[in-house]
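This is entry_5.cif. It holds mmCIF, C-alpha atoms; chains and numbers go by the auth columns.
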```
data_model
#
loop_
_atom_site.group_PDB
_atom_site.id
_atom_site.type_symbol
_atom_site.label_atom_id
_atom_site.label_comp_id
_atom_site.label_asym_id
_atom_site.label_seq_id
_atom_site.Cartn_x
_atom_site.Cartn_y
_atom_site.Cartn_z
_atom_site.B_iso_or_equiv
_atom_site.auth_seq_id
_atom_site.auth_asym_id
ATOM 1 C CA MET A 1 -3.480 -16.215 15.845 0.00 1 A
ATOM 2 C CA ALA A 2 -1.490 -12.984 15.881 0.00 2 A
ATOM 3 C CA ASN A 3 -0.637 -11.298 19.152 0.00 3 A
ATOM 4 C CA VAL A 4 -2.001 -7.729 19.485 0.00 4 A
ATOM 5 C CA LYS A 5 0.080 -5.214 21.397 0.00 5 A
ATOM 6 C CA TYR A 6 -1.205 -1.693 22.079 0.00 6 A
ATOM 7 C CA ILE A 7 1.533 0.918 21.818 0.00 7 A
ATOM 8 C CA SER A 8 1.795 4.694 22.233 0.00 8 A
ATOM 9 C CA THR A 9 4.214 5.406 19.383 0.00 9 A
ATOM 10 C CA GLN A 10 5.561 3.569 16.350 0.00 10 A
ATOM 11 C CA ALA A 11 9.025 3.787 17.943 0.00 11 A
ATOM 12 C CA GLU A 12 7.946 0.927 20.244 0.00 12 A
ATOM 13 C CA ILE A 13 7.927 -1.540 17.332 0.00 13 A
ATOM 14 C CA PRO A 14 11.056 -3.728 17.517 0.00 14 A
ATOM 15 C CA ALA A 15 13.448 -3.186 14.609 0.00 15 A
ATOM 16 C CA GLY A 16 13.406 -5.837 11.911 0.00 16 A
ATOM 17 C CA GLU A 17 10.210 -7.552 13.087 0.00 17 A
ATOM 18 C CA ASN A 18 7.413 -8.293 10.597 0.00 18 A
ATOM 19 C CA TYR A 19 4.125 -6.763 11.717 0.00 19 A
ATOM 20 C CA VAL A 20 0.740 -5.331 10.882 0.00 20 A
ATOM 21 C CA LEU A 21 0.244 -1.845 12.337 0.00 21 A
ATOM 22 C CA VAL A 22 -3.120 -0.178 12.963 0.00 22 A
ATOM 23 C CA LEU A 23 -3.137 3.561 13.657 0.00 23 A
ATOM 24 C CA TYR A 24 -5.277 6.688 13.363 0.00 24 A
ATOM 25 C CA GLY A 25 -4.764 9.103 10.487 0.00 25 A
ATOM 26 C CA GLU A 26 -6.523 11.568 8.222 0.00 26 A
ATOM 27 C CA GLU A 27 -8.150 8.957 5.965 0.00 27 A
ATOM 28 C CA TYR A 28 -8.622 5.225 5.642 0.00 28 A
ATOM 29 C CA ALA A 29 -5.674 3.515 3.954 0.00 29 A
ATOM 30 C CA GLN A 30 -3.861 0.205 3.680 0.00 30 A
ATOM 31 C CA THR A 31 -0.153 0.421 2.877 0.00 31 A
ATOM 32 C CA ARG A 32 2.269 -2.439 2.304 0.00 32 A
ATOM 33 C CA HIS A 33 5.906 -2.070 3.318 0.00 33 A
ATOM 34 C CA SER A 34 8.952 -4.306 3.565 0.00 34 A
ATOM 35 C CA LEU A 35 8.051 -5.528 7.067 0.00 35 A
ATOM 36 C CA GLY A 36 4.323 -6.030 6.536 0.00 36 A
ATOM 37 C CA LEU A 37 1.313 -3.753 6.388 0.00 37 A
ATOM 38 C CA THR A 38 -0.072 -0.562 7.914 0.00 38 A
ATOM 39 C CA ILE A 39 -3.818 0.028 8.234 0.00 39 A
ATOM 40 C CA THR A 40 -4.793 3.650 8.830 0.00 40 A
ATOM 41 C CA VAL A 41 -8.184 4.432 10.372 0.00 41 A
ATOM 42 C CA ALA A 42 -9.676 7.872 9.720 0.00 42 A
ATOM 43 C CA ARG A 43 -10.387 9.927 12.810 0.00 43 A
ATOM 44 C CA GLN A 44 -14.104 10.451 13.421 0.00 44 A
ATOM 45 C CA GLN A 45 -16.007 13.279 15.067 0.00 45 A
ATOM 46 C CA SER A 46 -17.883 10.699 17.112 0.00 46 A
ATOM 47 C CA LYS A 47 -15.621 9.010 19.656 0.00 47 A
ATOM 48 C CA THR A 48 -17.834 5.907 19.682 0.00 48 A
ATOM 49 C CA VAL A 49 -17.749 5.532 15.894 0.00 49 A
ATOM 50 C CA GLY A 50 -13.987 6.095 15.912 0.00 50 A
ATOM 51 C CA GLU A 51 -13.410 3.434 18.573 0.00 51 A
ATOM 52 C CA LEU A 52 -15.578 0.925 16.725 0.00 52 A
ATOM 53 C CA ALA A 53 -13.754 1.614 13.454 0.00 53 A
ATOM 54 C CA PHE A 54 -10.396 1.162 15.207 0.00 54 A
ATOM 55 C CA LEU A 55 -11.440 -2.110 16.851 0.00 55 A
ATOM 56 C CA THR A 56 -12.747 -3.384 13.518 0.00 56 A
ATOM 57 C CA ALA A 57 -9.406 -2.521 11.904 0.00 57 A
ATOM 58 C CA VAL A 58 -7.532 -4.399 14.672 0.00 58 A
ATOM 59 C CA HIS A 59 -9.716 -7.450 14.069 0.00 59 A
ATOM 60 C CA THR A 60 -9.058 -7.183 10.318 0.00 60 A
ATOM 61 C CA ALA A 61 -5.322 -6.824 10.991 0.00 61 A
ATOM 62 C CA LYS A 62 -5.360 -10.059 13.004 0.00 62 A
ATOM 63 C CA GLY A 63 -6.959 -11.888 10.081 0.00 63 A
ATOM 64 C CA ILE A 64 -4.462 -10.471 7.579 0.00 64 A
ATOM 65 C CA ALA A 65 -1.556 -11.335 9.882 0.00 65 A
ATOM 66 C CA LYS A 66 -2.800 -14.922 10.160 0.00 66 A
ATOM 67 C CA GLN A 67 -3.121 -15.246 6.363 0.00 67 A
ATOM 68 C CA GLU A 68 0.363 -13.860 5.792 0.00 68 A
ATOM 69 C CA GLY A 69 2.125 -15.699 8.623 0.00 69 A
ATOM 70 C CA ILE A 70 2.842 -12.550 10.636 0.00 70 A
ATOM 71 C CA SER A 71 2.826 -13.110 14.388 0.00 71 A
ATOM 72 C CA GLN A 72 2.582 -9.524 15.627 0.00 72 A
ATOM 73 C CA VAL A 73 -0.108 -6.840 15.315 0.00 73 A
ATOM 74 C CA PHE A 74 0.566 -3.412 16.808 0.00 74 A
ATOM 75 C CA ALA A 75 -2.262 -0.975 17.530 0.00 75 A
ATOM 76 C CA CYS A 76 -1.041 2.594 18.008 0.00 76 A
ATOM 77 C CA LYS A 77 -3.562 4.836 19.752 0.00 77 A
#
```

Would you mind writing the structure in this file as structure tokens?
Amino acid sequence: MANVKYISTQAEIPAGENYVLVLYGEEYAQTRHSLGLTITVARQQSKTVGELAFLTAVHTAKGIAKQEGISQVFACK
């Protein structure tokens, strides 16, 4: 199972490491890149709904990481 590390900024991701990144943004998106995948969670007016959406995305990221053999998931709040 992939390790989840909560970070403050994307700059904390080690260079050259494959990863799945979960972060907040303007709209929901899933973007592939050379080192893995980024899942963007849309910000919500309700803090509770936003937190649940973010936690769901982290859980999804762990599953994707496992399928693709990626050992690290970063969650940027």

(request) Starting from the shown file, work through the PyMOL selection byres ((chain A and resi 21) around 9) and note down what comes out as a ChimeraX atom specification. (result) /A:10,19-20,22-23,36-40,58,61,72-76

(message) Using only C-alpha atoms, can you tell me which of A:Ser34, A:Ser71, A:Thr48, A:Asn3 comes closest to Gly16 of chain A?
(response)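 Using only C-alpha atoms, Gly16 of chain A sits closest to A:Ser34.
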
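The space between atom CA of Gln44 of chain A and atom CA of Lys77 of chain A spans 13.5 Å.
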
(message) Report, in Å to a single decimal, how far apart atom CA of Gly69 of chain A and atom CA of Asn18 of chain A are.
(response)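 The value is 9.3 Å.
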
(request) Identify, on the basis of only C-alpha atoms, every residue whose closest approach to Ala53 of chain A does not exceed 10 Å; exclude the query and any residue fewer than 6 positions from it along the same chain; express the result as number ranges by chain. (result) A: 24, 41-44, 47, 59

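Interatomic distance, atom CA of Lys5 of chain A to atom CA of Leu52 of chain A: 17.5 Å.
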
Please return the centre and edge lengths, in Å to one decimal, of a box with edges along x, y and z that contains all listed atoms of segment 60-63 of chain A, widened by 6 Å on every side, as AutoDock Vina command-line options.
```
--center_x -7.2 --center_y -9.4 --center_z 11.5 --size_x 15.7 --size_y 17.1 --size_z 14.9
```

(message) Between A:Met1, A:Tyr6, A:Glu27, A:Leu35, which residue has the minimum interatomic distance to Thr60 of chain A, considering only C-alpha atoms?
(response)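 Residue with the minimum atom-to-atom distance to Thr60 of chain A: A:Met1.
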
Generate the coordinates of N, CA and C atoms for segment 25-38 of chain A; report them as a compact mmCIF listing (two decimals), in the frame of the given file.
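Below is the file rebuild34.txt, written as the result:
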```txt
# COMPACT_ATOMS: atom_id res chain seq x y z
N GLY A 25 -5.31 8.16 11.44
CA GLY A 25 -4.76 9.10 10.49
C GLY A 25 -5.87 9.98 9.92
N GLU A 26 -5.56 10.66 8.84
CA GLU A 26 -6.52 11.57 8.22
C GLU A 26 -7.59 10.83 7.41
N GLU A 27 -7.20 9.71 6.78
CA GLU A 27 -8.15 8.96 5.96
C GLU A 27 -7.83 7.47 6.04
N TYR A 28 -8.82 6.67 5.65
CA TYR A 28 -8.62 5.22 5.64
C TYR A 28 -7.60 4.86 4.58
N ALA A 29 -6.68 3.96 4.92
CA ALA A 29 -5.67 3.52 3.95
C ALA A 29 -5.11 2.18 4.39
N GLN A 30 -4.57 1.45 3.42
CA GLN A 30 -3.86 0.20 3.68
C GLN A 30 -2.58 0.28 2.87
N THR A 31 -1.43 0.24 3.54
CA THR A 31 -0.15 0.42 2.88
C THR A 31 0.77 -0.75 3.18
N ARG A 32 1.28 -1.37 2.13
CA ARG A 32 2.27 -2.44 2.30
C ARG A 32 3.65 -1.83 2.41
N HIS A 33 4.51 -2.48 3.20
CA HIS A 33 5.91 -2.07 3.32
C HIS A 33 6.75 -3.32 3.50
N SER A 34 8.05 -3.15 3.55
CA SER A 34 8.95 -4.31 3.56
C SER A 34 8.76 -5.23 4.77
N LEU A 35 8.23 -4.71 5.86
CA LEU A 35 8.05 -5.53 7.07
C LEU A 35 6.61 -5.96 7.29
N GLY A 36 5.71 -5.61 6.37
CA GLY A 36 4.32 -6.03 6.54
C GLY A 36 3.33 -5.06 5.96
N LEU A 37 2.45 -4.54 6.84
CA LEU A 37 1.31 -3.75 6.39
C LEU A 37 0.93 -2.74 7.45
N THR A 38 0.48 -1.57 7.01
CA THR A 38 -0.07 -0.56 7.91
C THR A 38 -1.50 -0.27 7.50
```
